[in-house]
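Visitor: Below is entry39.cif; it holds mmCIF, C-alpha atoms.
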data_my_file
#
loop_
_atom_site.group_PDB
_atom_site.id
_atom_site.type_symbol
_atom_site.label_atom_id
_atom_site.label_comp_id
_atom_site.auth_asym_id
_atom_site.auth_seq_id
_atom_site.Cartn_x
_atom_site.Cartn_y
_atom_site.Cartn_z
ATOM 1 C CA MET A 278 15.178 12.041 -12.810
ATOM 2 C CA ARG A 279 14.503 15.052 -10.645
ATOM 3 C CA LEU A 280 16.357 15.422 -7.378
ATOM 4 C CA ASP A 281 13.254 15.502 -5.214
ATOM 5 C CA GLN A 282 11.766 12.252 -6.462
ATOM 6 C CA THR A 283 11.634 9.157 -4.290
ATOM 7 C CA SER A 284 10.545 5.550 -4.695
ATOM 8 C CA ASN A 285 7.645 6.186 -2.374
ATOM 9 C CA PRO A 286 4.493 7.502 -4.112
ATOM 10 C CA ALA A 287 3.540 9.410 -0.984
ATOM 11 C CA PHE A 288 6.493 11.739 -1.547
ATOM 12 C CA SER A 289 5.857 12.524 -5.200
ATOM 13 C CA ASN A 290 6.063 16.150 -6.294
ATOM 14 C CA TYR A 291 2.373 15.847 -7.109
ATOM 15 C CA PHE A 292 1.606 16.315 -3.437
ATOM 16 C CA TRP A 293 3.668 19.421 -2.962
ATOM 17 C CA ASP A 294 2.765 21.602 -5.945
ATOM 18 C CA ASP A 295 -0.220 23.378 -4.401
ATOM 19 C CA ASP A 296 -1.152 26.781 -5.717
ATOM 20 C CA TYR A 297 -1.739 28.139 -2.260
ATOM 21 C CA THR A 298 0.341 28.519 0.864
ATOM 22 C CA SER A 299 -0.636 27.756 4.430
ATOM 23 C CA SER A 300 0.291 29.712 7.537
ATOM 24 C CA LYS A 301 1.062 26.423 9.277
ATOM 25 C CA LYS A 302 3.863 24.335 7.868
ATOM 26 C CA MET A 303 4.796 20.670 7.953
ATOM 27 C CA THR A 304 7.002 19.803 10.927
ATOM 28 C CA VAL A 305 8.934 16.714 11.934
ATOM 29 C CA SER A 306 7.159 16.606 15.302
ATOM 30 C CA GLY A 307 3.802 16.693 13.553
ATOM 31 C CA ILE A 308 4.807 13.778 11.350
ATOM 32 C CA LEU A 309 6.056 11.812 14.366
ATOM 33 C CA ILE A 310 2.806 12.290 16.278
ATOM 34 C CA LYS A 311 0.710 11.173 13.314
ATOM 35 C CA SER A 312 3.049 8.263 12.619
ATOM 36 C CA PHE A 313 2.849 6.983 16.193
ATOM 37 C CA PHE A 314 -0.935 7.326 16.058
ATOM 38 C CA CYS A 315 -1.156 5.240 12.876
ATOM 39 C CA ILE A 316 1.357 2.671 14.106
ATOM 40 C CA ALA A 317 -0.760 2.266 17.248
ATOM 41 C CA ILE A 318 -3.776 1.561 15.024
ATOM 42 C CA VAL A 319 -1.835 -1.020 13.025
ATOM 43 C CA ALA A 320 -0.495 -2.674 16.178
ATOM 44 C CA GLY A 321 -3.901 -2.746 17.895
ATOM 45 C CA ILE A 322 -5.637 -4.402 14.955
ATOM 46 C CA THR A 323 -2.753 -6.816 14.441
ATOM 47 C CA VAL A 324 -3.045 -7.985 18.056
ATOM 48 C CA ALA A 325 -6.843 -8.330 17.701
ATOM 49 C CA ILE A 326 -6.505 -10.470 14.561
ATOM 50 C CA TRP A 327 -3.793 -12.486 16.242
ATOM 51 C CA TYR A 328 -6.094 -13.177 19.209
ATOM 52 C CA TYR A 329 -8.990 -13.999 16.879
ATOM 53 C CA TYR A 330 -6.844 -16.495 14.974
ATOM 54 C CA SER A 331 -5.527 -18.103 18.164
ATOM 55 C CA ASN A 332 -9.136 -18.955 19.062
ATOM 56 C CA GLY A 333 -9.418 -21.111 15.961
ATOM 57 C CA ASN A 334 -11.063 -18.629 13.592
ATOM 58 C CA ASN A 335 -10.316 -18.265 9.876
ATOM 59 C CA ILE A 336 -8.599 -14.980 9.050
ATOM 60 C CA LYS A 337 -7.874 -15.548 5.356
ATOM 61 C CA TRP A 338 -10.374 -12.941 4.212
ATOM 62 C CA PHE A 339 -9.138 -10.417 6.773
ATOM 63 C CA THR A 340 -5.627 -10.764 5.361
ATOM 64 C CA THR A 341 -6.632 -10.641 1.698
ATOM 65 C CA GLY A 342 -9.224 -7.921 2.279
ATOM 66 C CA GLY A 343 -6.740 -5.786 4.186
ATOM 67 C CA MET A 344 -4.200 -6.011 1.381
ATOM 68 C CA ILE A 345 -6.719 -5.126 -1.336
ATOM 69 C CA ALA A 346 -8.213 -2.297 0.735
ATOM 70 C CA ALA A 347 -4.751 -0.847 1.366
ATOM 71 C CA ILE A 348 -4.014 -0.841 -2.375
ATOM 72 C CA ILE A 349 -7.315 0.869 -3.184
ATOM 73 C CA ILE A 350 -6.867 3.474 -0.451
ATOM 74 C CA SER A 351 -3.330 4.180 -1.661
ATOM 75 C CA LEU A 352 -4.589 4.786 -5.194
ATOM 76 C CA ILE A 353 -7.258 7.180 -3.908
ATOM 77 C CA ILE A 354 -4.721 9.084 -1.819
ATOM 78 C CA SER A 355 -2.505 9.371 -4.889
ATOM 79 C CA TYR A 356 -5.205 11.301 -6.739
ATOM 80 C CA ARG A 357 -7.065 12.961 -3.847
ATOM 81 C CA GLN A 358 -4.276 14.132 -1.592
ATOM 82 C CA HIS A 359 -6.529 16.518 0.309
ATOM 83 C CA TRP A 360 -8.359 13.483 1.671
ATOM 84 C CA ALA A 361 -5.192 12.123 3.250
ATOM 85 C CA LYS A 362 -6.117 13.102 6.802
ATOM 86 C CA PHE A 363 -9.180 10.866 6.515
ATOM 87 C CA LEU A 364 -7.709 8.098 4.377
ATOM 88 C CA VAL A 365 -4.353 7.531 6.076
ATOM 89 C CA PRO A 366 -5.976 6.207 9.297
ATOM 90 C CA LEU A 367 -8.120 3.940 7.093
ATOM 91 C CA TYR A 368 -4.938 2.777 5.382
ATOM 92 C CA ALA A 369 -3.508 1.962 8.817
ATOM 93 C CA ILE A 370 -6.626 -0.070 9.627
ATOM 94 C CA ALA A 371 -6.380 -2.000 6.351
ATOM 95 C CA LYS A 372 -2.703 -2.719 6.898
ATOM 96 C CA GLY A 373 -3.488 -3.799 10.441
ATOM 97 C CA PHE A 374 -5.730 -6.557 9.082
ATOM 98 C CA PHE A 375 -3.092 -7.574 6.536
ATOM 99 C CA LEU A 376 -0.226 -7.614 9.032
ATOM 100 C CA GLY A 377 -2.439 -9.326 11.580
ATOM 101 C CA GLY A 378 -2.893 -12.161 9.113
ATOM 102 C CA ILE A 379 0.713 -12.722 8.083
ATOM 103 C CA THR A 380 1.883 -12.222 11.663
ATOM 104 C CA SER A 381 -0.593 -14.783 13.021
ATOM 105 C CA TYR A 382 0.470 -17.392 10.469
ATOM 106 C CA ALA A 383 4.135 -16.816 11.271
ATOM 107 C CA GLN A 384 3.519 -16.968 15.028
ATOM 108 C CA ALA A 385 1.589 -20.220 14.719
ATOM 109 C CA GLN A 386 4.402 -21.826 12.736
ATOM 110 C CA PHE A 387 7.341 -20.301 14.598
ATOM 111 C CA PRO A 388 6.476 -18.855 18.034
ATOM 112 C CA ASN A 389 8.064 -15.470 18.817
ATOM 113 C CA LEU A 390 9.259 -14.991 15.235
ATOM 114 C CA PRO A 391 7.065 -11.864 14.749
ATOM 115 C CA PHE A 392 8.596 -10.265 17.856
ATOM 116 C CA GLN A 393 12.048 -10.848 16.441
ATOM 117 C CA ALA A 394 10.975 -9.366 13.103
ATOM 118 C CA ILE A 395 9.584 -6.294 14.864
ATOM 119 C CA GLY A 396 12.845 -5.900 16.747
ATOM 120 C CA VAL A 397 14.914 -6.134 13.562
ATOM 121 C CA THR A 398 12.609 -3.625 11.858
ATOM 122 C CA VAL A 399 12.949 -1.101 14.683
ATOM 123 C CA ILE A 400 16.727 -1.517 14.818
ATOM 124 C CA THR A 401 16.970 -1.136 11.048
ATOM 125 C CA PHE A 402 14.894 2.046 11.149
ATOM 126 C CA PHE A 403 17.171 3.712 13.703
ATOM 127 C CA VAL A 404 20.376 2.488 12.049
ATOM 128 C CA VAL A 405 19.274 3.992 8.720
ATOM 129 C CA LEU A 406 18.200 7.185 10.499
ATOM 130 C CA ILE A 407 21.613 7.502 12.176
ATOM 131 C CA LEU A 408 23.409 6.810 8.899
ATOM 132 C CA TYR A 409 21.349 9.552 7.271
ATOM 133 C CA GLN A 410 21.660 12.106 10.069
ATOM 134 C CA THR A 411 25.411 11.651 10.392
ATOM 135 C CA ARG A 412 25.730 11.793 6.578
ATOM 136 C CA ILE A 413 27.641 8.523 6.534
ATOM 137 C CA ILE A 414 25.288 7.787 3.652
ATOM 138 C CA VAL A 415 24.523 10.820 1.515
ATOM 139 C CA VAL A 416 21.433 10.726 -0.683
ATOM 140 C CA THR A 417 22.828 11.653 -4.071
ATOM 141 C CA LYS A 418 21.085 11.694 -7.433
ATOM 142 C CA LYS A 419 22.797 8.436 -8.416
ATOM 143 C CA LEU A 420 21.848 6.660 -5.177
ATOM 144 C CA ARG A 421 18.281 7.895 -5.501
ATOM 145 C CA SER A 422 18.042 6.560 -9.049
ATOM 146 C CA VAL A 423 19.399 3.143 -8.039
ATOM 147 C CA ILE A 424 16.951 2.798 -5.141
ATOM 148 C CA ILE A 425 13.977 3.920 -7.225
ATOM 149 C CA THR A 426 14.849 1.516 -10.042
ATOM 150 C CA ALA A 427 15.354 -1.435 -7.701
ATOM 151 C CA CYS A 428 12.171 -0.764 -5.699
ATOM 152 C CA SER A 429 10.160 -0.448 -8.904
ATOM 153 C CA ALA A 430 11.551 -3.757 -10.192
ATOM 154 C CA ILE A 431 10.699 -5.489 -6.906
ATOM 155 C CA PHE A 432 7.171 -4.097 -6.975
ATOM 156 C CA VAL A 433 6.610 -5.255 -10.571
ATOM 157 C CA THR A 434 7.944 -8.727 -9.721
ATOM 158 C CA TYR A 435 5.533 -9.029 -6.795
ATOM 159 C CA LEU A 436 2.654 -7.744 -8.937
ATOM 160 C CA ILE A 437 3.309 -10.286 -11.699
ATOM 161 C CA SER A 438 3.603 -13.054 -9.109
ATOM 162 C CA TRP A 439 0.294 -12.031 -7.536
ATOM 163 C CA ILE A 440 -1.491 -11.964 -10.919
ATOM 164 C CA LEU A 441 -0.090 -15.385 -11.845
ATOM 165 C CA SER A 442 -1.450 -16.826 -8.602
ATOM 166 C CA PHE A 443 -4.990 -16.226 -9.877
ATOM 167 C CA PHE A 444 -4.226 -18.684 -12.698
ATOM 168 C CA GLY A 445 -2.853 -21.316 -10.372
ATOM 169 C CA ILE A 446 0.770 -20.520 -11.203
ATOM 170 C CA LYS A 447 2.896 -20.463 -8.079
ATOM 171 C CA SER A 448 5.898 -18.174 -8.296
ATOM 172 C CA PHE A 449 9.287 -19.018 -6.824
ATOM 173 C CA LEU A 450 8.876 -15.978 -4.562
ATOM 174 C CA TRP A 451 6.673 -17.859 -2.127
ATOM 175 C CA GLY A 452 8.948 -20.871 -1.842
ATOM 176 C CA THR A 453 11.953 -21.471 0.409
ATOM 177 C CA SER A 454 14.582 -21.955 -2.274
ATOM 178 C CA TRP A 455 17.829 -20.019 -2.036
ATOM 179 C CA LEU A 456 16.612 -17.938 -4.975
ATOM 180 C CA ALA A 457 13.468 -16.984 -3.043
ATOM 181 C CA ILE A 458 15.513 -16.240 0.084
ATOM 182 C CA GLY A 459 17.934 -14.156 -1.937
ATOM 183 C CA PHE A 460 15.098 -12.149 -3.453
ATOM 184 C CA ASN A 461 13.617 -11.488 0.000
ATOM 185 C CA ALA A 462 17.012 -10.387 1.301
ATOM 186 C CA VAL A 463 17.465 -7.961 -1.587
ATOM 187 C CA ALA A 464 13.917 -6.648 -1.120
ATOM 188 C CA ALA A 465 14.551 -6.107 2.602
ATOM 189 C CA VAL A 466 17.768 -4.215 1.856
ATOM 190 C CA PHE A 467 16.083 -1.869 -0.593
ATOM 191 C CA ALA A 468 13.076 -1.424 1.710
ATOM 192 C CA SER A 469 15.519 -0.154 4.343
ATOM 193 C CA LEU A 470 17.297 2.055 1.807
ATOM 194 C CA ALA A 471 13.940 3.528 0.794
ATOM 195 C CA LEU A 472 13.837 5.031 4.283
ATOM 196 C CA LEU A 473 16.787 7.206 3.265
ATOM 197 C CA LEU A 474 14.718 8.764 0.515
ATOM 198 C CA ASP A 475 11.806 9.320 2.878
ATOM 199 C CA PHE A 476 14.047 11.029 5.442
ATOM 200 C CA ASP A 477 15.636 13.127 2.733
ATOM 201 C CA TYR A 478 12.319 14.248 1.309
ATOM 202 C CA ILE A 479 10.914 15.167 4.713
ATOM 203 C CA GLU A 480 14.032 17.182 5.465
ATOM 204 C CA ARG A 481 13.712 19.031 2.161
ATOM 205 C CA HIS A 482 10.100 20.027 2.820
ATOM 206 C CA LYS A 483 9.876 20.487 6.591
ATOM 207 C CA ASN A 484 8.783 23.990 7.565
ATOM 208 C CA LYS A 485 7.954 24.654 3.904
ATOM 209 C CA ALA A 486 5.054 22.428 2.839
ATOM 210 C CA PRO A 487 1.506 23.038 4.189
ATOM 211 C CA LYS A 488 0.644 21.475 7.546
ATOM 212 C CA GLU A 489 -1.820 19.005 6.027
ATOM 213 C CA LYS A 490 1.015 17.379 4.108
ATOM 214 C CA GLU A 491 2.115 15.759 7.366
ATOM 215 C CA TRP A 492 -0.510 13.107 6.680
ATOM 216 C CA LEU A 493 1.068 12.355 3.331
ATOM 217 C CA ALA A 494 4.522 12.147 4.905
ATOM 218 C CA THR A 495 3.060 9.809 7.532
ATOM 219 C CA TRP A 496 1.565 7.651 4.816
ATOM 220 C CA GLY A 497 4.935 7.458 3.080
ATOM 221 C CA LEU A 498 6.689 6.274 6.224
ATOM 222 C CA LEU A 499 3.961 3.705 6.894
ATOM 223 C CA VAL A 500 4.285 2.309 3.387
ATOM 224 C CA THR A 501 8.025 1.846 3.803
ATOM 225 C CA LEU A 502 7.985 0.553 7.391
ATOM 226 C CA ILE A 503 5.236 -1.978 6.748
ATOM 227 C CA TRP A 504 6.994 -3.181 3.608
ATOM 228 C CA LEU A 505 10.237 -3.518 5.560
ATOM 229 C CA TYR A 506 8.573 -5.504 8.363
ATOM 230 C CA ALA A 507 6.802 -7.807 5.890
ATOM 231 C CA GLU A 508 10.044 -8.528 4.044
ATOM 232 C CA ILE A 509 11.965 -9.197 7.264
ATOM 233 C CA LEU A 510 9.206 -11.492 8.539
ATOM 234 C CA ARG A 511 9.129 -13.445 5.263
ATOM 235 C CA LEU A 512 12.909 -13.711 5.205
ATOM 236 C CA MET A 513 13.158 -14.917 8.795
ATOM 237 C CA ARG A 514 10.355 -17.429 8.252
ATOM 238 C CA LYS A 515 12.053 -18.902 5.187
ATOM 239 C CA LEU A 516 15.367 -19.129 6.993
ATOM 240 C CA ALA A 517 13.637 -20.830 9.940
ATOM 241 C CA ILE A 518 12.134 -23.399 7.580
ATOM 242 C CA ARG A 519 15.474 -24.036 5.884
ATOM 243 C CA PHE A 520 17.401 -24.381 9.126
#
What would you get if you wrote out this structure as structure tokens?
Guide:
Amino acid sequence: MRLDQTSNPAFSNYFWDDDYTSSKKMTVSGILIKSFFCIAIVAGITVAIWYYYSNGNNIKWFTTGGMIAAIIISLIISYRQHWAKFLVPLYAIAKGFFLGGITSYAQAQFPNLPFQAIGVTVITFFVVLILYQTRIIVVTKKLRSVIITACSAIFVTYLISWILSFFGIKSFLWGTSWLAIGFNAVAAVFASLALLLDFDYIERHKNKAPKEKEWLATWGLLVTLIWLYAEILRLMRKLAIRF
């Protein structure tokens, strides 16, 4: 395992091994601006879907379509990184539809739960950032390997569960058993730890990688943040049902 690998495909070495150099380099401020822009897109579409659902409309296909579109766009970005500046905003739009769906369902069942999940996500982001910046948690090779392995296992488990659903087999993941809650809690923990790898990778390549790579860094942060929010929302919903 190489030191500059992360669990996030957006930060793979594949994106940084260009044969040319650019006069403009990737900066943290550039990543922040692009990240806020994409988050605004996600939030705007989420609110629109939420409003649409509150008026009695069916949003099932928006949710499913958004998830599938996000997966397809991610695969394209993985192999056509130079298209990132065009595809990352499209990814944000797709995720906006997906998050709009799961957020609307959660809000209808438990009012204000999405706001609480957003708050926990934001707090988690800054706590992890502080832990990284103060070096209370140091990203070592061993820690990186553990996070990558765990995130990969979680992804495979979700993928298998999703495939089984097409055959009418309902996985324990979508239930409210303590096993399902435990899995969500573990997934949320490793989603937050994945932020450490993203921060570390950005720090390693800031002011070195070409300017256009900011879009790829933005994509990486979006992937992790949206995953973290989804896990927190699922976890809080299951706990609300249990208690």
Visitor: Figure out the distance between atom CA of A:Ala346 and atom CA of A:Ser442, please, to one decimal in Å.
Guide: 18.5 Å
Visitor: Excluding same-chain residues fewer than 6 positions from A:Ser381, what lies within 8 Å of it counting all atoms listed in the file, as a ChimeraX atom specification?
Guide: /A:326-327,330-331
Visitor: Smallest atom-to-atom distance to A:Phe467: which of A:Leu505, A:Gln410, A:Phe403, A:Arg519, using all atoms listed in the file?
Guide: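 Counting all atoms listed in the file, the residue closest to A:Phe467 is A:Leu505.
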Visitor: I want to know what sits within 9 Å of A:Ile322, based on only C-alpha atoms, with residues of the same chain fewer than 5 positions away left out; could you give that as a PDB file with C-alpha atoms, keeping the file's coordinate frame?
Guide:
ATOM      1  CA  ALA A 317      -0.760   2.266  17.248  1.00  0.00           C
ATOM      2  CA  TRP A 327      -3.793 -12.486  16.242  1.00  0.00           C
ATOM      3  CA  ILE A 370      -6.626  -0.070   9.627  1.00  0.00           C
ATOM      4  CA  ALA A 371      -6.380  -2.000   6.351  1.00  0.00           C
ATOM      5  CA  LYS A 372      -2.703  -2.719   6.898  1.00  0.00           C
ATOM      6  CA  GLY A 373      -3.488  -3.799  10.441  1.00  0.00           C
ATOM      7  CA  PHE A 374      -5.730  -6.557   9.082  1.00  0.00           C
ATOM      8  CA  LEU A 376      -0.226  -7.614   9.032  1.00  0.00           C
ATOM      9  CA  GLY A 377      -2.439  -9.326  11.580  1.00  0.00           C
TER      10      GLY A 377
END
Visitor: Using only C-alpha atoms, which residue out of A:Leu516, A:Ile336, A:Ala325, A:Val399 lies closest to A:Ile503?
Guide: A:Val399
Visitor: For a test of reading the model, state the distance in Å between atom CA of A:Ile424 and atom CA of A:Ser469, rounded to one decimal.
Guide: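 That distance, rounded to one decimal, is 10.0 Å.
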Visitor: Determine the nearest neighbour of A:Thr417 from the options A:His359, A:Gln384, A:Leu474, A:Asn484, counting only C-alpha atoms.
Guide: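 Looking only at the distances to A:Thr417, the closest residue turns out to be A:Leu474.
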Visitor: Could you check which of A:Ala507, A:Ala517, A:Ile437, A:Leu498 is closest to A:Phe313, using all atoms listed in the file?
Guide: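 Ranked by minimum distance to A:Phe313, first place goes to A:Leu498.
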Visitor: Interatomic distance between atom CA of A:Phe375 and atom CA of A:Leu406?
Guide: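 Result for atom CA of A:Phe375 versus atom CA of A:Leu406: 26.2 Å, one decimal.
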Visitor: Between A:Phe432, A:Met303, A:Ile479, A:Ile518, which has the minimum distance to A:Gly452 (counting all atoms listed in the file)?
Guide: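 Among the listed residues, the smallest separation from A:Gly452 belongs to A:Ile518.
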Visitor: Taking all atoms listed in the file into account, which of A:Leu420, A:Ala430, A:Val500, A:Ala320 comes nearest A:Ile395?
Guide: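 Of A:Leu420, A:Ala430, A:Val500, A:Ala320, the one nearest A:Ile395 is A:Ala320, counting all atoms listed in the file.
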Visitor: Around the point (20.1, 3.6, -3.2) (coordinates from the file), which residues reach within 10 Å if we count only C-alpha atoms? Answer as a PyMOL selection string.
Guide: chain A and resi 284+414-428+466-474
Visitor: Work out where the centre of an axis-aligned box around every listed atom of stretch 358-361 of chain A lies and how long its edges are once 4 Å is added on each side; give both in Å to one decimal as JSON.
Guide:
{"center_x": -6.3, "center_y": 14.3, "center_z": 0.8, "size_x": 12.1, "size_y": 12.4, "size_z": 12.8}
Visitor: Give as a list in words the residues that the PyMOL selection byres ((chain A and resi 449) around 12) matches when applied to the coordinates above.
Guide: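 With the PyMOL selection byres ((chain A and resi 449) around 12) on this model, the match is Thr434, Tyr435, Ile437, Ser438, Trp439, Leu441, Ser442, Ile446, Lys447, Ser448, Leu450, Trp451, Gly452, Thr453, Ser454, Trp455, Leu456, Ala457, Ile458, Gly459, Phe460 and Asn461 of chain A.
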Visitor: Please, could you write that set of residues out with C-alpha atoms as a JSON list (two decimals), keeping the file's coordinate frame?
Guide:
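Output (selection-v5.json):
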[["chain", "number", "residue", "atom", "x", "y", "z"],
["A", 434, "THR", "CA", 7.94, -8.73, -9.72],
["A", 435, "TYR", "CA", 5.53, -9.03, -6.80],
["A", 437, "ILE", "CA", 3.31, -10.29, -11.70],
["A", 438, "SER", "CA", 3.60, -13.05, -9.11],
["A", 439, "TRP", "CA", 0.29, -12.03, -7.54],
["A", 441, "LEU", "CA", -0.09, -15.38, -11.84],
["A", 442, "SER", "CA", -1.45, -16.83, -8.60],
["A", 446, "ILE", "CA", 0.77, -20.52, -11.20],
["A", 447, "LYS", "CA", 2.90, -20.46, -8.08],
["A", 448, "SER", "CA", 5.90, -18.17, -8.30],
["A", 450, "LEU", "CA", 8.88, -15.98, -4.56],
["A", 451, "TRP", "CA", 6.67, -17.86, -2.13],
["A", 452, "GLY", "CA", 8.95, -20.87, -1.84],
["A", 453, "THR", "CA", 11.95, -21.47, 0.41],
["A", 454, "SER", "CA", 14.58, -21.96, -2.27],
["A", 455, "TRP", "CA", 17.83, -20.02, -2.04],
["A", 456, "LEU", "CA", 16.61, -17.94, -4.97],
["A", 457, "ALA", "CA", 13.47, -16.98, -3.04],
["A", 458, "ILE", "CA", 15.51, -16.24, 0.08],
["A", 459, "GLY", "CA", 17.93, -14.16, -1.94],
["A", 460, "PHE", "CA", 15.10, -12.15, -3.45],
["A", 461, "ASN", "CA", 13.62, -11.49, 0.00]]
